[in-house]
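Below is one structure; the comments refer to it alone.
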Amino acid sequence: MLNLAPARRLQVNLQILLRTERGPATSYRRMPRPVALFVYLTALYSLVHAQTGREAGEAQIKDLKIPKITSKPKLEEFLGGRFRSDMLRVTDFRQRQPGDGEAVSRKTSAWIGYDDKTFYTVFVCESPAAQTRARMGKREDIFSDDMVGVFLDTYHDKQRAYEFFVNPLGIQADGIINEGQNDDLSFDTLWYTDGRVTPEGFVVTIAIPFKSLRFAAADVQTWGFSLGRFIPTNNENSFWPFLTRRVNSFNGQLGNLSGLESISPGRNLQLIPYGALGHAHFLDNPGTIGADPVFRTNTDVRAGLDAKMILHDSLTLDVALKPDFSQVESDDPQVTVNQRYEVHFNEKRPFFIENNGFFLTPENLFFSRRIIDPNYGARLTGKLGRWNMGLLTIDDRAAGIVAGPGDPNYGDSAIIGVGRIQREFGTQSNIGALFTDREFAGSFNRVGAIDTRLHLSSKWTLSGQLMASQTKRSNGVQSGGNAWNIDLNRGDRNMYYDLSYIDRGEGFQTDLGFVNRVNIRQIQQFVNYRFHPKSKKLISFGPRLYISGDMDHRNVQQDWNVNPGFQMEFARSTFINVNSGEVFERFNNTNFRRRDSGFGMHSEYFKAVTVDGGMGWGTRINYSPAAGVKAFLGHGNEAQLNLTFRPGSKIKLDEIYNLTRFRTDSNSFVGLATPPVSHPATVFVNHLLRSRLNYQYNQQLSLRLIVDYNSLLQNPLLFNADRQKRITSDVLVTWLLHPGTAFYLGYTDSLENVALMTGTPNTIIRTNLPSTTTQRQFFAKLSYLFRF
């Protein structure tokens, strides 16, 4: 019998959550009854179907036995219709999208084999020359090209698989697929490829050393396995075996590959020594009492060592001694003006991004960019049977530097530890625990959590997490709090649905995580449905709906959001979406009701041009009002445009522009006897522009040029910020033989609209033009991979 008790409890909770509150400043209407009814009925539908057991439609799993070969395959052996008879041929590729189960649209054949040290794959693909997209780009910048791929679940646990992609010129990209997570493309390892465009299409060879993989110590191996082909002009992904989108799993549908015998990754040792030289001239503006702003010059020479050791075939120990944790690649431009919550910047430092999937949980409790200036680090990650583990210890000198010279803890380091363990059970289900600890000068922040992901059926998954934190500050004040979340997810080719609930106590805190809000109880729902017409131009279309609501732990409504939209997918990787919704937000004890609309598009219709952009408009809140002015509503709009030009195989030019604009409207100062300005008035305008040119001379050598412009033009009577203008130029020459062996030579120059006024004390003033160099840096870095 179906248990409806959880649904009845959910009904009561939703009625509480979606009720309205009247704030001190602004009244508003109740959330529309049909919307509240939709929230309840959809949640009830989710609960009912989550209990109905495994659904039909499991994809058929196919088996292959890979042959052992005596010589390495060469690309020339597969030209002109030739092939190797001692390798196993695979031809029955089936579409995952757009046609679920249809035969691949262009003839595709692959051959596989192995020897004692290496796994080999060769692809021979037919493709019209005018529609073949193959560029001599940077490593991992190939996802707009034609590609082929190899997927290896080396533990055959249906949880985690390596992925290796290659474009027709042999340019590589690699990553890891963790079931229930986004692809982790931070993974980099050593493997070998070759590629050639032919009159019929292209041929690619792939050689993956067993030393670059982790797998169980067994004489006879059975792996999960798949081969893929990706055709961007047709929006097409095809695989062997057939991986249907009617099943909400990728790794769970991989084929079974047997025949691997007497292989081992070995207990290999990798050493990557590096040397780095940096020379900088910069404006030091400490902003602390007794420390004047002044121009400084600094030369920094560093040398260090990264070591990687493989233990018991499947555990990896990484040790970094006096490492260079600086990032070579600059951050992508993001809007940081008038943001209520912290903006997330992705990690780009190699030590942290490698194997970071071992530390991921539903709540982001380990955000490595919280670690700013480490001196050493060690990490142990891997898999033993059905157990996954990750341990990390590291220091951070930034804590002692921020304390300042007058502090007794100046020069000390924070000590950081992170531990993660996970146990797999059943079919693609797991349970795990995470612990983080940051300690400095007698203070600490400790977080413990347990989490689970349950594979309920071919379409449904359920995940959840329980967390608790304990914090002691340097002044001796202690606090603590709890948090938990749960997420129910359904996915197939036509419909995607997600229902989540988050509860974070007021005292919950994670110094190492990325949690931008506590004291909240929030429920969210997202659903979209796609129709797939029999058309070569219109691939799919359909509606979508996002609904959320939350309140604090005193049962005061804080937010709700109702945002319906519509999306369309066309051939040649062209996507269009539109949305318009109603938003309620409580900020600084004032209730705001506003509208939000927008559209976005992405198109790779033309081989040499990619267009990506969007626009949003509606009522916005001024989160940073000037002194003496309360937060108010106004009209805002945002525009983003990214144009990518590829005039040749080796050249890529990106032009990026972000505009954010906010101005008052007729309701901004309703109820004020004396408005701070007359209507209409501009609150601020923020421009972000980037020009980025990359020239790839060959697979190893590249030149990258970046010019950024960032300006904030604000009304000081309405917005609390300085007028800013900054121009930054960045030049980088890269020689990347393979991950670990590389040489970088770079130069950065930043100009800002400031001037240093000498005196007692020195002061900084704002000027009209960005004419003062605030940072000029030259750096060189060389590293080399020794593999034993």
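Quick note on naming: the chains in the structure tokens go A, B, ... in the order shown, residues restart at 1 in each chain, and ligands are numbered from 1 in order of appearance.
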
### Message
Give me the residues near Asp183 in chain A as a ChimeraX atom specification, where near means some atom within 10 Å (using only C-alpha atoms) and where sequence neighbours in that chain fewer than 5 positions away do not count.
### Response
/A:161-163,174-178,357

### Message
If you run DSSP on the backbone here, which positions in range 234-395 of chain A get strand (DSSP E)? Please write them as a PyMOL selection string.
### Response
chain A and resi 236-240+255-261+269-284+294-311+315-321+376-384+387-395

### Task
For range 748-762 of chain A, list every protein, DNA or RNA residue within 12 Å, evaluated using only C-alpha atoms, and leave out those in the same chain fewer than 5 positions away; present the list as a ChimeraX atom specification.
/A:278-287,289-295,328-330,704-713,722-732,767-780

### Task
Please identify all polymer residues within 12 Å of Gly480 in chain A, counting only C-alpha atoms, omitting same-chain residues fewer than 5 positions from it, and present them as number ranges by chain.
A: 444-448, 467-473, 504-510

### Point-to-point distance from CA of Gly224 in chain A to CA of Arg420 in chain A, Å rounded to tenths
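Between CA of Gly224 in chain A and CA of Arg420 in chain A the gap works out to 24.8 Å.
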
### Spatial neighbours of range 613-624 of chain A, 9 Å, only C-alpha atoms, chain gap at least 2 places, as JSON, numbers by chain
{"A": [338, 339, 340, 587, 592, 593, 594, 595, 596, 597, 598, 599, 600, 601, 602, 611, 626, 630, 631, 632, 633, 634, 635, 636, 637, 638, 639, 640, 641, 642, 643, 662, 665, 683, 718, 719, 720, 721]}

Quick one: which range 69-153 of chain A residues come within 10 Å of range 207-214 of chain A, and what is the nearest atom pair for each with the distance in Å to one decimal, counting only C-alpha atoms, rows ordered by chain and ascending number, as CSV?
```
residue,atom,partner,partner_atom,distance
A:Lys72,CA,A:Ala207,CA,8.6
A:Pro73,CA,A:Ala207,CA,8.9
A:Gly113,CA,A:Ala207,CA,9.9
A:Tyr114,CA,A:Ala207,CA,9.1
A:Asp115,CA,A:Pro209,CA,9.7
A:Asp116,CA,A:Phe210,CA,8.5
A:Lys117,CA,A:Phe210,CA,5.7
A:Thr118,CA,A:Pro209,CA,4.2
A:Phe119,CA,A:Ile208,CA,5.1
A:Tyr120,CA,A:Ala207,CA,4.7
A:Thr121,CA,A:Ala207,CA,6.7
A:Val122,CA,A:Ala207,CA,8.8
A:Val150,CA,A:Ile208,CA,9.9
A:Leu152,CA,A:Leu213,CA,9.3
A:Asp153,CA,A:Arg214,CA,9.9
```

Selected residues written out with all heavy atoms, as a short mmCIF file (atom, residue, chain, number, x, y, z; two decimals), in the first residue's frame:
```
data_model
loop_
_atom_site.label_atom_id
_atom_site.label_comp_id
_atom_site.auth_asym_id
_atom_site.auth_seq_id
_atom_site.Cartn_x
_atom_site.Cartn_y
_atom_site.Cartn_z
N LYS A 72 52.04 -1.41 -31.20
CA LYS A 72 51.25 -0.19 -31.09
C LYS A 72 50.61 0.17 -32.42
O LYS A 72 51.29 0.18 -33.46
CB LYS A 72 52.16 0.95 -30.62
CG LYS A 72 51.52 2.32 -30.61
CD LYS A 72 52.55 3.38 -30.24
CE LYS A 72 51.95 4.78 -30.34
NZ LYS A 72 52.96 5.83 -30.01
N PRO A 73 49.31 0.46 -32.46
CA PRO A 73 48.68 0.87 -33.73
C PRO A 73 49.16 2.25 -34.16
O PRO A 73 49.38 3.14 -33.34
CB PRO A 73 47.19 0.87 -33.40
CG PRO A 73 47.11 1.04 -31.93
CD PRO A 73 48.33 0.39 -31.36
N GLY A 113 42.22 -2.36 -28.59
CA GLY A 113 43.17 -3.40 -28.24
C GLY A 113 44.04 -2.91 -27.09
O GLY A 113 43.98 -1.74 -26.70
N TYR A 114 44.87 -3.79 -26.55
CA TYR A 114 45.74 -3.39 -25.45
C TYR A 114 47.00 -4.24 -25.46
O TYR A 114 47.06 -5.32 -26.08
CB TYR A 114 45.02 -3.53 -24.10
CG TYR A 114 44.96 -4.94 -23.54
CD1 TYR A 114 45.83 -5.34 -22.52
CD2 TYR A 114 44.06 -5.88 -24.04
CE1 TYR A 114 45.79 -6.63 -22.00
CE2 TYR A 114 44.00 -7.16 -23.53
CZ TYR A 114 44.87 -7.54 -22.51
OH TYR A 114 44.84 -8.81 -22.01
N ASP A 115 48.04 -3.74 -24.80
CA ASP A 115 49.23 -4.54 -24.51
C ASP A 115 49.51 -4.44 -23.02
O ASP A 115 48.65 -4.00 -22.24
CB ASP A 115 50.42 -4.11 -25.38
CG ASP A 115 50.82 -2.64 -25.18
OD1 ASP A 115 50.52 -2.09 -24.10
OD2 ASP A 115 51.43 -2.06 -26.09
N ASP A 116 50.68 -4.81 -22.59
CA ASP A 116 50.97 -4.86 -21.15
C ASP A 116 50.91 -3.49 -20.48
O ASP A 116 50.69 -3.41 -19.27
CB ASP A 116 52.36 -5.47 -20.92
CG ASP A 116 52.38 -6.95 -21.25
OD1 ASP A 116 51.31 -7.59 -21.19
OD2 ASP A 116 53.47 -7.47 -21.57
N LYS A 117 51.11 -2.41 -21.25
CA LYS A 117 51.25 -1.10 -20.64
C LYS A 117 50.19 -0.08 -21.08
O LYS A 117 50.04 0.95 -20.41
CB LYS A 117 52.64 -0.53 -20.95
CG LYS A 117 53.78 -1.33 -20.35
CD LYS A 117 55.12 -0.68 -20.65
CE LYS A 117 56.26 -1.46 -20.00
NZ LYS A 117 57.58 -0.83 -20.29
N THR A 118 49.45 -0.34 -22.17
CA THR A 118 48.65 0.72 -22.77
C THR A 118 47.33 0.20 -23.32
O THR A 118 47.27 -0.93 -23.83
CB THR A 118 49.44 1.40 -23.91
OG1 THR A 118 50.73 1.79 -23.43
CG2 THR A 118 48.72 2.63 -24.43
N PHE A 119 46.30 1.04 -23.22
CA PHE A 119 44.98 0.80 -23.81
C PHE A 119 44.90 1.62 -25.09
O PHE A 119 45.14 2.84 -25.08
CB PHE A 119 43.89 1.23 -22.83
CG PHE A 119 42.49 0.88 -23.25
CD1 PHE A 119 41.84 -0.20 -22.69
CD2 PHE A 119 41.81 1.64 -24.19
CE1 PHE A 119 40.55 -0.53 -23.06
CE2 PHE A 119 40.52 1.33 -24.57
CZ PHE A 119 39.89 0.23 -24.01
N TYR A 120 44.54 0.98 -26.22
CA TYR A 120 44.53 1.64 -27.52
C TYR A 120 43.12 1.71 -28.11
O TYR A 120 42.34 0.77 -27.99
CB TYR A 120 45.43 0.89 -28.51
CG TYR A 120 46.88 0.79 -28.11
CD1 TYR A 120 47.40 -0.41 -27.64
CD2 TYR A 120 47.71 1.90 -28.21
CE1 TYR A 120 48.74 -0.51 -27.27
CE2 TYR A 120 49.05 1.81 -27.84
CZ TYR A 120 49.56 0.61 -27.38
OH TYR A 120 50.88 0.52 -27.01
N THR A 121 42.85 2.83 -28.76
CA THR A 121 41.61 3.00 -29.53
C THR A 121 41.93 3.78 -30.79
O THR A 121 42.70 4.75 -30.75
CB THR A 121 40.54 3.76 -28.72
OG1 THR A 121 40.35 3.12 -27.46
CG2 THR A 121 39.22 3.79 -29.46
N VAL A 122 41.34 3.37 -31.90
CA VAL A 122 41.47 4.09 -33.16
C VAL A 122 40.06 4.35 -33.70
O VAL A 122 39.24 3.43 -33.76
CB VAL A 122 42.29 3.29 -34.19
CG1 VAL A 122 42.42 4.09 -35.49
CG2 VAL A 122 43.67 2.94 -33.65
N VAL A 150 36.48 8.17 -25.37
CA VAL A 150 36.56 6.86 -24.71
C VAL A 150 36.18 7.05 -23.25
O VAL A 150 36.65 7.99 -22.59
CB VAL A 150 37.99 6.27 -24.81
CG1 VAL A 150 38.06 4.94 -24.09
CG2 VAL A 150 38.40 6.12 -26.26
N LEU A 152 35.88 5.00 -19.53
CA LEU A 152 36.36 3.81 -18.83
C LEU A 152 35.95 3.86 -17.37
O LEU A 152 36.42 4.72 -16.61
CB LEU A 152 37.89 3.71 -18.94
CG LEU A 152 38.48 3.61 -20.35
CD1 LEU A 152 40.01 3.69 -20.28
CD2 LEU A 152 38.03 2.34 -21.04
N ASP A 153 35.07 2.96 -16.97
CA ASP A 153 34.72 2.76 -15.56
C ASP A 153 35.61 1.64 -15.05
O ASP A 153 35.24 0.46 -15.06
CB ASP A 153 33.24 2.42 -15.43
CG ASP A 153 32.82 2.12 -14.00
OD1 ASP A 153 33.65 2.26 -13.08
OD2 ASP A 153 31.66 1.71 -13.81
#
```

### Task
Run DSSP on the backbone and give me the residues of range 114-251 of chain A it puts in helix (DSSP H, G or I), as JSON, numbers by chain.
{"A": [129, 130, 131, 210, 211, 212, 232, 233, 234, 251]}

Output file for the selection above: C-alpha atoms, as an mmCIF file, in the first residue's frame:
```cif
data_model
loop_
_atom_site.group_PDB
_atom_site.id
_atom_site.type_symbol
_atom_site.label_atom_id
_atom_site.label_comp_id
_atom_site.auth_asym_id
_atom_site.auth_seq_id
_atom_site.Cartn_x
_atom_site.Cartn_y
_atom_site.Cartn_z
ATOM 1 C CA ALA A 129 34.861 18.538 -45.313
ATOM 2 C CA ALA A 130 32.631 21.628 -45.211
ATOM 3 C CA GLN A 131 30.984 20.430 -41.987
ATOM 4 C CA PHE A 210 47.640 2.027 -17.543
ATOM 5 C CA LYS A 211 49.922 4.147 -15.327
ATOM 6 C CA SER A 212 47.498 7.036 -15.937
ATOM 7 C CA PRO A 232 28.212 19.656 -33.437
ATOM 8 C CA THR A 233 26.572 20.572 -36.760
ATOM 9 C CA ASN A 234 23.841 17.997 -36.027
ATOM 10 C CA ASN A 251 27.732 5.425 -15.945
#
```
